[in-house]
Amino acid sequence: MVISGIPGSVLAGYLIDYTGKHMMVVRVYFALGAATALAFSIAVRRASFEWSFALGVLAGAFQTGIMSAGLELAAEVAYPVPEALGTAIINIASQLVPIPTIFLVQRCFLDGQPDLSGAWAGNLTLTSLMFAGLALVMVARGRSKRLESEGT
């Protein structure tokens, strides 16, 4: 997932540079990331190694791309606030939030589960958080303040 995230991030950056549509790229990546996370969970549940591997690669590409596209979007909508501040806050949140989330999912669903039913519930919980994030991104509004100030 990490290795496939590299070209996913590069592609996100290229699409943003080419189109100038930060929010659209973030929305597309979030939708594809959530969809591949759900498909990955189903493939793991069905014990299909090939599909799990392929969907894991795709999920890694889109989910890692969300981060790079989100950082660019933050710099764009927070202008004239220095880029370092907005991107630092997002970077810190992306590092800190998953830790308690994964521990909470593990505690709620995986403790004492001798089979994979707890893992299935945990995967669905994390996937539902992706879909919740997608819903928030879909209703978010943000002007491209930096692009507007440059007149492009």
# chains A, B, ... in the order shown; residues from 1 in each chain; ligands from 1
call {"tool": "residues_around", "arguments": {"residues": "Gly70 in chain A", "least_positions_apart": "3", "cutoff": "9 Å", "atoms": "only C-alpha atoms", "output": "mmCIF file with N, CA and C atoms, in the first residue's frame"}}
result
data_model
loop_
_atom_site.group_PDB
_atom_site.id
_atom_site.type_symbol
_atom_site.label_atom_id
_atom_site.label_comp_id
_atom_site.auth_asym_id
_atom_site.auth_seq_id
_atom_site.Cartn_x
_atom_site.Cartn_y
_atom_site.Cartn_z
ATOM 1 N N HIS A 22 -8.337 21.824 -7.157
ATOM 2 C CA HIS A 22 -7.916 21.133 -5.947
ATOM 3 C C HIS A 22 -9.048 20.318 -5.326
ATOM 4 N N MET A 23 -10.205 20.960 -5.139
ATOM 5 C CA MET A 23 -11.320 20.293 -4.461
ATOM 6 C C MET A 23 -11.816 19.086 -5.263
ATOM 7 N N VAL A 26 -9.415 16.154 -4.723
ATOM 8 C CA VAL A 26 -9.576 15.596 -3.382
ATOM 9 C C VAL A 26 -10.856 14.762 -3.311
ATOM 10 N N GLY A 65 -2.732 9.315 -1.832
ATOM 11 C CA GLY A 65 -2.938 10.500 -2.663
ATOM 12 C C GLY A 65 -3.841 11.524 -2.008
ATOM 13 N N ILE A 66 -4.780 11.060 -1.160
ATOM 14 C CA ILE A 66 -5.651 11.990 -0.437
ATOM 15 C C ILE A 66 -4.813 12.943 0.399
ATOM 16 N N MET A 67 -3.779 12.415 1.018
ATOM 17 C CA MET A 67 -2.942 13.243 1.888
ATOM 18 C C MET A 67 -2.248 14.345 1.104
ATOM 19 N N LEU A 73 -4.650 21.379 -1.119
ATOM 20 C CA LEU A 73 -5.925 22.075 -0.948
ATOM 21 C C LEU A 73 -5.871 23.000 0.263
ATOM 22 N N ALA A 74 -5.284 22.539 1.350
ATOM 23 C CA ALA A 74 -5.181 23.363 2.555
ATOM 24 C C ALA A 74 -4.389 24.635 2.289
ATOM 25 N N ALA A 75 -3.295 24.501 1.575
ATOM 26 C CA ALA A 75 -2.484 25.682 1.250
ATOM 27 C C ALA A 75 -3.265 26.632 0.355
ATOM 28 N N THR A 87 -0.526 23.225 6.422
ATOM 29 C CA THR A 87 -0.091 21.866 6.116
ATOM 30 C C THR A 87 0.464 21.167 7.357
ATOM 31 N N ILE A 90 -2.538 19.816 9.356
ATOM 32 C CA ILE A 90 -3.099 18.615 8.721
ATOM 33 C C ILE A 90 -2.152 17.429 8.899
#
call {"tool": "closest_residue", "arguments": {"among": "A:Ala78, A:Val57, A:Ala69, A:Ala84", "to": "Met1 in chain A", "atoms": "only C-alpha atoms"}}
result
A:Val57
call {"tool": "atom_distance", "arguments": {"atom1": "CA of Ile3 in chain A", "atom2": "CA of Gly60 in chain A"}}
result
7.8 Å
call {"tool": "atom_distance", "arguments": {"atom1": "CA of Ala34 in chain A", "atom2": "CA of Leu134 in chain A"}}
result
7.5 Å
call {"tool": "atom_distance", "arguments": {"atom1": "CA of Tyr14 in chain A", "atom2": "CA of Leu32 in chain A"}}
result
17.0 Å
call {"tool": "residues_around", "arguments": {"residues": "range 44-53 of chain A", "least_positions_apart": "2", "cutoff": "9 Å", "atoms": "only C-alpha atoms", "output": "list in words"}}
result
Ala39, Phe40, Ser41, Ile42, Leu55, Gly56, Val57, Leu58, Leu116, Ser117, Ala119 and Trp120 of chain A
call {"tool": "closest_residue", "arguments": {"among": "A:Asn123, A:Ser4, A:Thr101, A:Ser128", "to": "Gln63 in chain A", "atoms": "only C-alpha atoms"}}
result
A:Ser4
call {"tool": "closest_residue", "arguments": {"among": "A:Val81, A:Ser68, A:Ile102, A:Phe30", "to": "Ala132 in chain A", "atoms": "only C-alpha atoms"}}
result
A:Phe30
call {"tool": "select_by_dssp", "arguments": {"residues": "range 4-151 of chain A", "states": "helix (DSSP H, G or I)", "output": "number ranges by chain"}}
result
A: 4-19, 22-45, 49-77, 83-96, 98-110, 117-139, 145-150
call {"tool": "closest_residue", "arguments": {"among": "A:Ala59, A:Val77, A:Cys108, A:Ile92", "to": "Ala140 in chain A", "atoms": "only C-alpha atoms"}}
result
A:Val77
call {"tool": "closest_residue", "arguments": {"among": "A:Tyr29, A:Lys21, A:Val97, A:Phe62", "to": "Gly5 in chain A", "atoms": "only C-alpha atoms"}}
result
A:Phe62
